[in-house]
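Participant: Before anything else, here's the structure in question.
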Amino acid sequence: MIYIGTTEINGSAIYFDIYATERQGRGVRISGTVGDGCYEGEVLVEIGRNDSVTFADAWLGGSGFSEFIDRCGSDVLESALLESVREMPLLQTRRSQPHGNSTSYAGTVAESSPAWQNLI
């Protein structure tokens, strides 16, 4: 669960609970639940060629969504969700190493011998 660095007018904290992550080309899709204790709804955050945030209740007409958006502001919430996903370690790999830090190291370790070996 990620605490979104915004608060609503009434001081409630907004959270983002991720339950699925899917790589898509050079981007990623993250599905989760966003809420504030009074409302919870499904959200899809997509980072890649076109960054976007999709609230399921905006399309499905779920109850409480419009009040939630009025309390926290859709632009502020969308920006905070996109920023929190961009900062995730999943997106911090270098493009030259698409599978993370997979460099293999060969050679010997150059350390001084332990003190106990000098007594022998």
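We name chains A, B, ... following the order of the structure tokens; residues begin at 1 in each chain, and ligands are numbered from 1 as shown.
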I want to know what sits within 9 Å of region 85-90 of chain A, based on only C-alpha atoms, with residues of the same chain fewer than 4 positions away left out; could you give that as a tab-separated table (two decimals) with N, CA and C atoms, in the first residue's frame?
Facilitator:
```
chain	number	residue	atom	x	y	z
A	28	VAL	N	4.34	0.08	-18.23
A	28	VAL	CA	3.79	-0.80	-17.21
A	28	VAL	C	2.35	-0.38	-16.91
A	30	ILE	N	-0.48	-0.76	-13.86
A	30	ILE	CA	-0.63	-1.10	-12.45
A	30	ILE	C	-2.09	-0.94	-12.06
A	45	VAL	N	-3.40	2.52	-13.57
A	45	VAL	CA	-2.40	3.54	-13.85
A	45	VAL	C	-1.47	2.96	-14.91
A	46	GLU	N	-1.34	3.67	-16.03
A	46	GLU	CA	-0.50	3.21	-17.12
A	46	GLU	C	0.63	4.20	-17.36
A	47	ILE	N	1.86	3.67	-17.36
A	47	ILE	CA	3.05	4.47	-17.62
A	47	ILE	C	3.70	3.89	-18.87
A	80	ALA	N	-0.65	12.66	-8.59
A	80	ALA	CA	-0.02	11.95	-7.48
A	80	ALA	C	0.11	10.46	-7.78
A	81	LEU	N	-0.90	9.86	-8.40
A	81	LEU	CA	-0.83	8.44	-8.76
A	81	LEU	C	0.26	8.19	-9.80
```
Participant: Find the residues around Ile2 (chain A) up to 7 Å (only C-alpha atoms counted), leave out those fewer than 4 positions away in its own chain, and share them as a ChimeraX atom specification.
Facilitator: /A:15-17
Participant: Have a look at A:Ala13, A:Tyr19, A:Arg26, A:Gly61 and name the one nearest to Val43 (chain A); count only C-alpha atoms.
Facilitator: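 The closest residue to Val43 (chain A) is A:Tyr19.
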Participant: At what distance in Å, to one decimal, does CA of Arg49 (chain A) lie from CA of Thr33 (chain A)?
Facilitator: 23.2 Å
Participant: Give me the residues within 12 Å of Ala56 (chain A) as a ChimeraX atom specification, counting only C-alpha atoms and dropping any in the same chain fewer than 5 places off.
Facilitator: /A:31-34,40-45,61-63,65
Participant: Taking into account only C-alpha atoms, which residue in the set A:Leu82, A:Arg71, A:Gly48, A:Trp59 is nearest to Ile14 (chain A)?
Facilitator: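 Looking only at the distances to Ile14 (chain A), the closest residue turns out to be A:Arg71.
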Participant: Which residues in region 13-47 of chain A does DSSP call strand (DSSP E)? List them as a list in words.
Facilitator: Ala13, Ile14, Tyr15, Phe16, Asp17, Ile18, Tyr19, Ala20, Thr21, Glu22, Arg23, Gln24, Gly27, Val28, Arg29, Ile30, Ser31, Gly32, Thr33, Val34, Gly35, Glu40, Gly41, Glu42, Val43, Leu44, Val45, Glu46 and Ile47 of chain A
Participant: CA of Thr54 (chain A) to CA of Ser12 (chain A): how many Å, to one decimal?
Facilitator: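 Pair CA of Thr54 (chain A) / CA of Ser12 (chain A) returns 21.7 Å.
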